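Q: Quick one: this structure, given as structure tokens, is what I'll be asking you about.
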Amino acid sequence: MRKHLLSCFLTLFLTGLSFAQQIDSLPRVDLAKIALVNQSDSYVTLPFDIGNLEPLIFEANISPSFIIRKRKDSRLMGVLTAQIIIRMFNEESLPVRTPSYMPQITAYYLLNDKKAASKHTIFGKVAHHSNGQSGDFYDENGEINLISGNFATNFMEFGYLFNKHSSKFNAEKFFKTSFEIHPQSWMFEEIRGMYSGFRWHNTFSSFKIPIGNSDAKKRAQISLKLETMIMLDDINGWDTFESDRFSGRLTFYYHPKFLEEIGFFVQYYHGMDYYNIYFMHQIDVLRIGIMTDILRF
């Protein structure tokens with residue numbers, strides 16, 4: 001009887017120890033990592049895109065994030081981002097036209113236990129989007145002045161983030177849903193009724209974590225991100241289910257072991273051109289490039 005009890009005790013102890021080791025081996029996803037996943041990635045594309053986008057030398061997204069918090073384990077945190085998107089056109093003198101200036105501040109609040117394997121987070125953002133130009137919105141032919149026309153809007157975004165670990169694939173998964181609101185009084189007058197002021201975003205991301213305990217293996221070698229956006233307001237006389245209301249982006253990222261801070265990505269985008277005053281263009285483009293890798297698990 002005593003041997004039987006001892007055997008049961010050892011079995012329970014080893015099972016508990018194994019479970020504890022399994023929990024300890026899970027990636028530590030704190031609020032800062034959740035915020036970085038939600039922020040825009042910094043990247044530079046190569047001049048080999050396929051689609052109907054104007055011929056480019058490159059497109060670059062410069063998006064540094066500055067974290068504001070009282071302590072590392074705070075439930076409430078702010079992120080200040082000075083995002084700029086630049087396109088260098090493949091034309092004479094290689095002009096960089098009307099960059100997108102998108103400074104923004106975002107507040108994140110963790111709803112559940114900081115030590116929980118799965119986390120629920122809400123966020124709110126206030127942002128500005130302009131092209132730094134002061135010319136007339138229309139040119140002398142009555143078309144949108146893409147060279148020097150003024151474009152500006154301010155907006156808010158409110159959303160929910162959920163993340164959990166997949167033991168089957170040893171991957172960290174993130175889901176975001178949010179609403180983006182551009183009040184009419186916050187928009188440049190000429191774009192009202194043409195530029196959507198109410199949008200619904202959904203994003204799914206998955207980061208494959210390599211097996212191993214060394215710090216060098218704590219960054220995801222492979223990640224996948226699927227983003228969708230639907231315009232919900234009354235714009236351009238579009239029907240409720242007009243296909244132009246939908247935008248989607250699929251990005252596959254690979255970080256080779258021989259590179260430290262960057263990796264390669266392949267991306268397909270369909271929908272409204274997000275480059276400020278070019279918003280009336282509908283684009284389909286497949287491209288490759290390099291992307292920064294600042295997320296470590």
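Identifiers for the structure tokens are assigned positionally: chains receive A, B, ... in sequence, residues are indexed from 1 per chain, and ligands are indexed from 1 in the order shown.
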With only C-alpha atoms as the counted atoms, please give the residues lying no more than 12 Å from range 84-96 of chain A, apart from itself and same-chain residues fewer than 6 positions off, as a PyMOL selection string.
A: chain A and resi 40-48+53-65+102-104+128-132+146-148+274-276+278
Q: Leaving out Glu227 in chain A and any residue of its chain fewer than 4 positions from it, which residues lie within 10 Å of it when counting only C-alpha atoms, given as a VMD selection string?
A: chain A and resid 175 to 177 201 to 205 247 to 251 269
Q: Which range 168-211 of chain A residues have any atom within 12 Å of an atom of range 255-268 of chain A, and for each, what is the nearest pair of atoms with distance in Å to one decimal, counting only C-alpha atoms, rows sorted by chain and number, as a tab-separated table?
A:
residue	atom	partner	partner_atom	distance
A:Phe207	CA	A:His255	CA	11.1
A:Lys208	CA	A:His255	CA	10.8
A:Ile209	CA	A:His255	CA	11.4
A:Pro210	CA	A:Lys257	CA	11.1
Q: Keeping only N, CA and C atoms, take the residues you just selected and write them out as a compact mmCIF listing (two decimals), in the first residue's frame.
A:
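Writing done, so here's out.txt:
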# COMPACT_ATOMS: atom_id res chain seq x y z
N PHE A 207 3.22 33.87 -35.60
CA PHE A 207 4.68 33.89 -35.55
C PHE A 207 5.17 32.50 -35.12
N LYS A 208 5.89 31.83 -36.02
CA LYS A 208 6.41 30.49 -35.73
C LYS A 208 7.67 30.62 -34.88
N ILE A 209 7.63 30.08 -33.66
CA ILE A 209 8.76 30.19 -32.73
C ILE A 209 9.64 28.96 -32.89
N PRO A 210 10.93 29.12 -33.21
CA PRO A 210 11.82 27.95 -33.32
C PRO A 210 11.97 27.24 -31.99
Q: So that I can see what lies close to Ala171 in chain A, please list as a PDB file with C-alpha atoms, in the first residue's frame the residues with an atom at most 12 Å from it, counting only C-alpha atoms and leaving out residues fewer than 4 positions away in the same chain.
A:
ATOM      1  CA  LEU A  26       6.078  29.216 -23.558  1.00  0.00           C
ATOM      2  CA  PRO A  27       7.092  32.563 -25.069  1.00  0.00           C
ATOM      3  CA  VAL A  29       4.260  37.902 -24.486  1.00  0.00           C
ATOM      4  CA  ASN A 163      -3.287  36.530 -28.504  1.00  0.00           C
ATOM      5  CA  LYS A 164      -2.679  32.901 -27.591  1.00  0.00           C
ATOM      6  CA  HIS A 165      -0.010  30.235 -28.035  1.00  0.00           C
ATOM      7  CA  SER A 166      -0.538  27.246 -30.352  1.00  0.00           C
ATOM      8  CA  SER A 167       1.269  24.242 -28.901  1.00  0.00           C
ATOM      9  CA  SER A 205      -0.911  37.225 -37.396  1.00  0.00           C
ATOM     10  CA  SER A 206       1.029  34.056 -36.624  1.00  0.00           C
ATOM     11  CA  PHE A 207       4.683  33.885 -35.548  1.00  0.00           C
ATOM     12  CA  LYS A 208       6.412  30.487 -35.728  1.00  0.00           C
ATOM     13  CA  ILE A 209       8.755  30.189 -32.735  1.00  0.00           C
ATOM     14  CA  PRO A 210      11.821  27.954 -33.322  1.00  0.00           C
ATOM     15  CA  ILE A 211      12.341  25.134 -30.835  1.00  0.00           C
ATOM     16  CA  LYS A 218      13.721  33.419 -29.523  1.00  0.00           C
ATOM     17  CA  ARG A 219      12.880  35.451 -32.617  1.00  0.00           C
ATOM     18  CA  ALA A 220      10.317  34.098 -35.060  1.00  0.00           C
ATOM     19  CA  GLN A 221      11.928  32.753 -38.203  1.00  0.00           C
ATOM     20  CA  ILE A 222       8.641  32.686 -40.119  1.00  0.00           C
ATOM     21  CA  SER A 223       5.531  34.841 -39.743  1.00  0.00           C
ATOM     22  CA  LEU A 224       2.295  35.347 -41.627  1.00  0.00           C
ATOM     23  CA  PHE A 297       9.828  36.115 -27.769  1.00  0.00           C
TER      24      PHE A 297
END
Q: Quick one, how far is CA of Val126 in chain A from CA of Leu76 in chain A?
A: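 Atom-to-atom, CA of Val126 in chain A and CA of Leu76 in chain A are spaced 16.2 Å apart.
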